[in-house]
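A short write-up of the structure that comes next.
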Amino acid sequence: MLSYRHAFHAGNHADVLKHAVLLELLSYFNRKDKPWHYIDTHAGGGCYALDSEQAGKTAEYVDGIARLWDRDDLPEPLAAYRAAVAQFNPHGRLLFYPGSPALAMTAARAQDRLRLFELHPADFESLERTFASETERVQCRKADGFAALKSLLPPPSRRAVVLVDPPYELKEDYRRVVDCLKDALRRFPTGTYAVWYPLLARPEARALPARLAEIGADSWLDVRLAVRQPPRDGFGMFGSGMFIVNPPWVLPERLEAMMPWLVNVLGVDDSAGFDLEHHIE
């Protein structure tokens, strides 16, 4: 199924959480001069115009990045995230929202490499256009990221952040996320893996964090942001989470500083809140 297009959701509350965490991971990797690889299993289109027909149809960014855009009290991790988004909006107006690969590129140095997978034909064309001038550091492949990831592990740098961010349109996506992560850890146990997941009423979504916690990783972190109460009809996303295997040791403290602020600014009702669980064996 190739109906999902991230442009409809660009810059929403889930993107704020996902991308703030992603930039925290890459910032930590940049503490050393050694190169790193960023691998994205579901890269999307690269960058999204917020006045496009797709983004404008739902305007989800209004309750996401737009709520941070003019604030002067952002915690440091969110200030860094907004500064990265601002690189794509040089005139100060919020007109474009960068996807995960574009944001990763803002953190990449000359020695770092991006490896991007996208299966949707239109999004893949957009992704290639986004990185047309970066053929040395960036490789885009039209492929199923779940299956293709194994070909890159372990990377030559032996340092990598892998983002697993499928659309979860199909029930099998939940199983494939778990299987993908298990296989990746066998091939490259020291990699840092970040899995984004939606908060939904459906059983597969509710069970996913526990299934990820059971894969046997020595260290993991699970952070969830709920912006509203679950819909009474059982349909619709009311928040999202990031499950990170082999997280940087500084990440829990950084998230503790930013998550209450996010709840206050992005929360829609009194049910808004966050959960943060950190496990080390």
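Going through the structure tokens in order, the chains are called A, B, and so on, while each chain numbers its residues from 1 and the ligands are numbered from 1 in the order shown.
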Skip region 16-28 of chain A itself and residues of its chain fewer than 2 positions away, then list as a PyMOL selection string all residues within 8 Å of it, counting only C-alpha atoms.
chain A and resi 11-14+30-31+64-65+77-78+80-81+100+103-104+107+161+194+196+225+240-242+247-248+251
Would you save the residues of that selection, restricted to N, CA and C atoms, as a CSV table (one decimal), in the first residue's frame?
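Everything below was put into out-v8.csv:
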```
chain,number,residue,atom,x,y,z
A,11,GLY,N,5.0,18.6,10.2
A,11,GLY,CA,5.1,19.6,11.2
A,11,GLY,C,4.1,19.5,12.4
A,12,ASN,N,3.4,18.3,12.5
A,12,ASN,CA,2.4,18.2,13.5
A,12,ASN,C,3.1,17.8,14.9
A,13,HIS,N,2.3,17.6,15.9
A,13,HIS,CA,2.9,17.3,17.2
A,13,HIS,C,3.8,16.1,17.2
A,14,ALA,N,3.5,15.1,16.4
A,14,ALA,CA,4.4,13.9,16.3
A,14,ALA,C,5.7,14.3,15.7
A,30,ASN,N,27.8,14.1,17.4
A,30,ASN,CA,28.8,15.1,16.9
A,30,ASN,C,29.8,15.5,18.0
A,31,ARG,N,29.7,15.0,19.2
A,31,ARG,CA,30.6,15.3,20.2
A,31,ARG,C,32.0,14.7,19.9
A,64,GLY,N,1.4,22.1,15.8
A,64,GLY,CA,2.7,21.5,16.1
A,64,GLY,C,3.7,22.5,16.1
A,65,ILE,N,4.6,22.5,15.0
A,65,ILE,CA,5.7,23.5,15.0
A,65,ILE,C,5.3,24.9,15.1
A,77,PRO,N,16.9,22.0,24.1
A,77,PRO,CA,16.7,21.0,23.0
A,77,PRO,C,15.7,21.5,21.9
A,78,LEU,N,14.6,22.1,22.4
A,78,LEU,CA,13.6,22.6,21.4
A,78,LEU,C,14.0,23.9,20.7
A,80,ALA,N,17.1,24.3,19.7
A,80,ALA,CA,18.0,23.8,18.7
A,80,ALA,C,17.2,23.2,17.5
A,81,TYR,N,16.1,22.5,17.9
A,81,TYR,CA,15.2,22.0,16.9
A,81,TYR,C,14.6,23.1,16.0
A,100,SER,N,12.6,14.3,8.2
A,100,SER,CA,13.7,13.7,9.0
A,100,SER,C,15.1,13.8,8.3
A,103,LEU,N,16.4,17.4,8.2
A,103,LEU,CA,16.9,17.9,9.5
A,103,LEU,C,18.2,17.2,9.9
A,104,ALA,N,18.3,15.9,9.5
A,104,ALA,CA,19.6,15.2,9.8
A,104,ALA,C,20.7,15.9,9.1
A,107,ALA,N,22.6,18.6,10.7
A,107,ALA,CA,23.6,18.2,11.7
A,107,ALA,C,24.8,17.5,11.1
A,161,VAL,N,22.9,6.3,13.6
A,161,VAL,CA,21.6,6.5,14.1
A,161,VAL,C,20.6,6.0,13.0
A,194,ALA,N,16.1,4.4,16.6
A,194,ALA,CA,15.0,5.3,17.1
A,194,ALA,C,13.8,4.8,16.3
A,196,TRP,N,9.8,5.5,15.8
A,196,TRP,CA,8.7,6.4,16.1
A,196,TRP,C,7.4,5.5,16.0
A,225,LEU,N,4.4,11.3,24.2
A,225,LEU,CA,3.7,12.5,24.3
A,225,LEU,C,2.2,12.3,23.9
A,240,SER,N,2.1,10.4,20.3
A,240,SER,CA,3.1,9.5,19.7
A,240,SER,C,4.2,9.2,20.7
A,241,GLY,N,5.1,8.3,20.2
A,241,GLY,CA,6.2,8.0,21.1
A,241,GLY,C,7.5,7.7,20.3
A,242,MET,N,8.6,7.7,21.0
A,242,MET,CA,9.9,7.4,20.4
A,242,MET,C,10.6,6.3,21.3
A,247,PRO,N,20.4,4.5,23.8
A,247,PRO,CA,20.3,6.0,23.8
A,247,PRO,C,21.5,6.6,24.4
A,248,PRO,N,21.9,7.8,24.1
A,248,PRO,CA,23.0,8.5,24.8
A,248,PRO,C,22.6,8.6,26.3
A,251,LEU,N,20.5,11.7,27.3
A,251,LEU,CA,19.2,11.9,26.7
A,251,LEU,C,18.1,11.9,27.8
```
If you count only C-alpha atoms, which residues fall within 9 Å of Phe117 (chain A), apart from same-chain ones fewer than 4 positions away, as a compact mmCIF listing (two decimals) with C-alpha atoms, in the first residue's frame?
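Saved the output as out-v9.txt:
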```txt
# COMPACT_ATOMS: atom_id res chain seq x y z
CA ILE A 39 19.93 5.64 8.02
CA ASP A 40 16.24 6.33 7.42
CA THR A 41 14.01 3.35 6.54
CA HIS A 42 11.03 5.49 5.50
CA ALA A 43 12.52 8.80 4.43
CA GLY A 44 9.50 10.51 2.83
CA PHE A 124 11.14 9.26 -3.83
CA GLN A 139 22.41 8.11 -1.16
CA CYS A 140 18.69 7.67 -1.88
CA ARG A 141 17.27 4.29 -2.80
CA LYS A 142 13.77 3.43 -3.93
CA ALA A 143 13.36 0.39 -1.73
CA ASP A 144 11.50 -1.14 1.20
CA GLY A 145 13.49 0.17 4.13
CA ALA A 148 16.99 -2.95 2.75
CA LEU A 149 18.31 -1.92 6.17
```
Among region 155-269 of chain A, which ones does DSSP place in strand (DSSP E or B), written as a list in words?
Ala160, Val161, Val162, Leu163, Val164, Thr192, Tyr193, Ala194, Val195, Trp196, Tyr197, Pro198, Leu199, Ser219, Trp220, Leu221, Asp222, Val223, Arg224, Leu225, Ala226, Gly239, Ser240, Gly241, Met242, Phe243, Ile244 and Val245 of chain A
Can you write just those residues out, N, CA, C and O atoms, as a tab-separated table (two decimals), in the first residue's frame?
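And here is the file that came out, result_38.tsv:
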```tsv
chain	number	residue	atom	x	y	z
A	160	ALA	N	26.18	4.82	14.09
A	160	ALA	CA	25.00	5.09	13.27
A	160	ALA	C	23.78	5.38	14.13
A	160	ALA	O	23.60	4.80	15.20
A	161	VAL	N	22.95	6.27	13.60
A	161	VAL	CA	21.59	6.48	14.10
A	161	VAL	C	20.65	5.98	13.01
A	161	VAL	O	20.71	6.44	11.86
A	162	VAL	N	19.81	5.04	13.36
A	162	VAL	CA	18.84	4.46	12.42
A	162	VAL	C	17.45	4.88	12.85
A	162	VAL	O	17.03	4.58	13.97
A	163	LEU	N	16.74	5.56	11.97
A	163	LEU	CA	15.35	5.95	12.24
A	163	LEU	C	14.42	5.00	11.52
A	163	LEU	O	14.49	4.84	10.30
A	164	VAL	N	13.54	4.36	12.29
A	164	VAL	CA	12.53	3.45	11.74
A	164	VAL	C	11.18	4.13	11.96
A	164	VAL	O	10.70	4.23	13.10
A	192	THR	N	22.55	2.95	17.41
A	192	THR	CA	21.44	3.63	18.08
A	192	THR	C	20.24	3.59	17.14
A	192	THR	O	20.32	4.06	16.00
A	193	TYR	N	19.15	3.03	17.62
A	193	TYR	CA	17.94	2.84	16.81
A	193	TYR	C	16.80	3.63	17.43
A	193	TYR	O	16.53	3.51	18.63
A	194	ALA	N	16.14	4.44	16.61
A	194	ALA	CA	15.02	5.26	17.08
A	194	ALA	C	13.77	4.84	16.31
A	194	ALA	O	13.71	4.98	15.07
A	195	VAL	N	12.79	4.34	17.02
A	195	VAL	CA	11.54	3.89	16.41
A	195	VAL	C	10.44	4.87	16.80
A	195	VAL	O	10.15	5.05	17.99
A	196	TRP	N	9.84	5.51	15.80
A	196	TRP	CA	8.67	6.35	16.06
A	196	TRP	C	7.43	5.48	15.99
A	196	TRP	O	7.33	4.57	15.16
A	197	TYR	N	6.47	5.76	16.89
A	197	TYR	CA	5.21	5.01	16.83
A	197	TYR	C	4.04	5.91	17.25
A	197	TYR	O	4.21	6.84	18.05
A	198	PRO	N	2.85	5.65	16.71
A	198	PRO	CA	1.68	6.46	17.05
A	198	PRO	C	0.98	5.95	18.30
A	198	PRO	O	1.03	4.76	18.62
A	199	LEU	N	0.34	6.85	19.03
A	199	LEU	CA	-0.56	6.45	20.11
A	199	LEU	C	-1.95	6.36	19.51
A	199	LEU	O	-2.55	7.37	19.13
A	219	SER	N	20.04	-1.52	26.70
A	219	SER	CA	19.67	-0.16	27.09
A	219	SER	C	18.63	0.38	26.14
A	219	SER	O	18.78	0.27	24.92
A	220	TRP	N	17.55	0.92	26.69
A	220	TRP	CA	16.54	1.55	25.85
A	220	TRP	C	15.82	2.65	26.62
A	220	TRP	O	15.87	2.71	27.84
A	221	LEU	N	15.20	3.52	25.86
A	221	LEU	CA	14.43	4.64	26.42
A	221	LEU	C	13.13	4.75	25.64
A	221	LEU	O	13.13	4.65	24.41
A	222	ASP	N	12.05	4.96	26.35
A	222	ASP	CA	10.74	5.10	25.73
A	222	ASP	C	10.11	6.40	26.21
A	222	ASP	O	9.89	6.57	27.41
A	223	VAL	N	9.86	7.33	25.30
A	223	VAL	CA	9.23	8.60	25.66
A	223	VAL	C	7.96	8.77	24.85
A	223	VAL	O	7.94	8.51	23.64
A	224	ARG	N	6.88	9.17	25.51
A	224	ARG	CA	5.58	9.31	24.86
A	224	ARG	C	4.98	10.67	25.19
A	224	ARG	O	5.06	11.14	26.33
A	225	LEU	N	4.38	11.25	24.18
A	225	LEU	CA	3.68	12.53	24.35
A	225	LEU	C	2.24	12.35	23.90
A	225	LEU	O	1.97	12.04	22.74
A	226	ALA	N	1.30	12.52	24.84
A	226	ALA	CA	-0.13	12.52	24.51
A	226	ALA	C	-0.61	13.96	24.55
A	226	ALA	O	-0.39	14.66	25.53
A	239	GLY	N	-1.44	11.04	20.17
A	239	GLY	CA	-0.08	11.31	20.59
A	239	GLY	C	0.87	10.39	19.88
A	239	GLY	O	0.50	9.70	18.92
A	240	SER	N	2.11	10.36	20.32
A	240	SER	CA	3.11	9.50	19.68
A	240	SER	C	4.24	9.24	20.65
A	240	SER	O	4.32	9.85	21.73
A	241	GLY	N	5.11	8.33	20.25
A	241	GLY	CA	6.25	7.98	21.10
A	241	GLY	C	7.50	7.73	20.29
A	241	GLY	O	7.45	7.53	19.07
A	242	MET	N	8.62	7.75	20.99
A	242	MET	CA	9.91	7.39	20.41
A	242	MET	C	10.56	6.34	21.32
A	242	MET	O	10.75	6.58	22.52
A	243	PHE	N	10.85	5.19	20.74
A	243	PHE	CA	11.52	4.12	21.46
A	243	PHE	C	12.95	4.06	20.93
A	243	PHE	O	13.17	3.82	19.76
A	244	ILE	N	13.92	4.30	21.81
A	244	ILE	CA	15.31	4.42	21.38
A	244	ILE	C	16.15	3.33	22.03
A	244	ILE	O	16.20	3.20	23.26
A	245	VAL	N	16.78	2.53	21.20
A	245	VAL	CA	17.71	1.50	21.67
A	245	VAL	C	19.12	2.08	21.67
A	245	VAL	O	19.52	2.75	20.72
```
Residues within 12 Å of Asp73 (chain A), please, as a compact mmCIF listing (two decimals) with N, CA and C atoms, in the first residue's frame. Count only C-alpha atoms; anything in the same chain fewer than 3 positions from it doesn't count.
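Output saved as part_0.txt:
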```
# COMPACT_ATOMS: atom_id res chain seq x y z
N ARG A 67 3.20 26.28 16.97
CA ARG A 67 3.06 26.70 18.36
C ARG A 67 4.40 27.02 19.02
N LEU A 68 5.48 26.57 18.40
CA LEU A 68 6.81 26.85 18.93
C LEU A 68 7.47 28.03 18.22
N TRP A 69 6.92 28.40 17.05
CA TRP A 69 7.67 29.25 16.13
C TRP A 69 8.05 30.61 16.71
N ASP A 70 7.13 31.25 17.40
CA ASP A 70 7.38 32.60 17.90
C ASP A 70 7.62 32.66 19.41
N GLU A 76 16.32 24.33 25.83
CA GLU A 76 17.44 24.28 24.88
C GLU A 76 17.27 23.24 23.77
N PRO A 77 16.86 21.99 24.08
CA PRO A 77 16.70 21.03 22.99
C PRO A 77 15.68 21.48 21.93
N LEU A 78 14.61 22.13 22.36
CA LEU A 78 13.59 22.60 21.42
C LEU A 78 14.05 23.86 20.69
N ALA A 79 14.87 24.67 21.33
CA ALA A 79 15.43 25.83 20.65
C ALA A 79 16.34 25.38 19.51
N ARG A 82 14.04 24.14 16.69
CA ARG A 82 13.44 25.24 15.93
C ARG A 82 14.48 25.93 15.05
N MET A 258 12.55 19.05 28.65
CA MET A 258 11.72 19.61 27.58
C MET A 258 10.29 19.07 27.55
N TRP A 261 7.35 21.11 29.17
CA TRP A 261 7.08 22.31 28.36
C TRP A 261 6.26 21.94 27.13
N LEU A 262 6.61 20.83 26.48
CA LEU A 262 5.86 20.39 25.30
C LEU A 262 4.41 20.07 25.65
N VAL A 265 2.50 23.33 25.98
CA VAL A 265 2.33 24.11 24.76
C VAL A 265 1.53 23.36 23.68
```
Using DSSP secondary structure from the backbone, list all helix (DSSP H, G or I) positions within region 3-251 of chain A, as a PyMOL selection string.
chain A and resi 6-9+13-29+53-58+60-63+66-69+76-86+100-107+121-130+145-152+172-187+203-213+251
As an exercise, work out the distance from CA of Asn246 (chain A) to CA of Gly191 (chain A) in Å and give it to one decimal place.
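CA of Gly191 (chain A) lies 6.8 Å from CA of Asn246 (chain A).
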Compile the contact shell of Pro156 (chain A) as a PyMOL selection string: residues with an atom at most 10 Å away, counting only C-alpha atoms, same-chain residues fewer than 2 positions apart removed.
chain A and resi 35-37+152-154+158-160
So what do you get for CA of Leu181 (chain A) versus CA of Leu255 (chain A), distance-wise?
22.9 Å
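Rounded to one decimal, CA of Pro166 (chain A) and CA of Arg232 (chain A) lie 25.3 Å from each other.
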Long-range neighbours of Tyr97 (chain A) as a ChimeraX atom specification, 7 Å cut-off, only C-alpha atoms, 4 positions minimum in chain:
/A:10-11,47-50,85
Take the residues from that selection and put them in a file with N, CA, C and O atoms, as a PDB file, in the first residue's frame.
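Produced file part.pdb, reproduced below:
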```pdb
ATOM      1  N   ALA A  10       2.905  16.959   7.956  1.00  0.00           N
ATOM      2  CA  ALA A  10       4.196  17.611   8.171  1.00  0.00           C
ATOM      3  C   ALA A  10       4.121  18.677   9.256  1.00  0.00           C
ATOM      4  O   ALA A  10       3.238  19.538   9.243  1.00  0.00           O
ATOM      5  N   GLY A  11       5.038  18.604  10.200  1.00  0.00           N
ATOM      6  CA  GLY A  11       5.125  19.611  11.246  1.00  0.00           C
ATOM      7  C   GLY A  11       4.132  19.457  12.372  1.00  0.00           C
ATOM      8  O   GLY A  11       3.995  20.372  13.200  1.00  0.00           O
ATOM      9  N   CYS A  47      11.359  17.502   2.070  1.00  0.00           N
ATOM     10  CA  CYS A  47      10.941  18.793   2.608  1.00  0.00           C
ATOM     11  C   CYS A  47       9.544  19.095   2.074  1.00  0.00           C
ATOM     12  O   CYS A  47       9.204  18.699   0.949  1.00  0.00           O
ATOM     13  N   TYR A  48       8.747  19.800   2.873  1.00  0.00           N
ATOM     14  CA  TYR A  48       7.333  19.971   2.546  1.00  0.00           C
ATOM     15  C   TYR A  48       6.937  21.443   2.603  1.00  0.00           C
ATOM     16  O   TYR A  48       7.253  22.140   3.577  1.00  0.00           O
ATOM     17  N   ALA A  49       6.256  21.891   1.567  1.00  0.00           N
ATOM     18  CA  ALA A  49       5.724  23.249   1.546  1.00  0.00           C
ATOM     19  C   ALA A  49       4.419  23.268   2.339  1.00  0.00           C
ATOM     20  O   ALA A  49       3.474  22.541   2.017  1.00  0.00           O
ATOM     21  N   LEU A  50       4.356  24.086   3.362  1.00  0.00           N
ATOM     22  CA  LEU A  50       3.184  24.091   4.241  1.00  0.00           C
ATOM     23  C   LEU A  50       1.979  24.772   3.609  1.00  0.00           C
ATOM     24  O   LEU A  50       0.866  24.665   4.136  1.00  0.00           O
ATOM     25  N   VAL A  85      14.812  23.957  11.891  1.00  0.00           N
ATOM     26  CA  VAL A  85      13.678  24.200  10.985  1.00  0.00           C
ATOM     27  C   VAL A  85      13.801  25.580  10.350  1.00  0.00           C
ATOM     28  O   VAL A  85      13.476  25.773   9.172  1.00  0.00           O
TER      29      VAL A  85
END
```
Write out as number ranges by chain each polymer residue whose atoms come within 10 Å of Glu125 (chain A), counting only C-alpha atoms; drop sequence neighbours fewer than 2 positions from it.
A: 44-46, 118, 120-123, 127-130, 140, 142
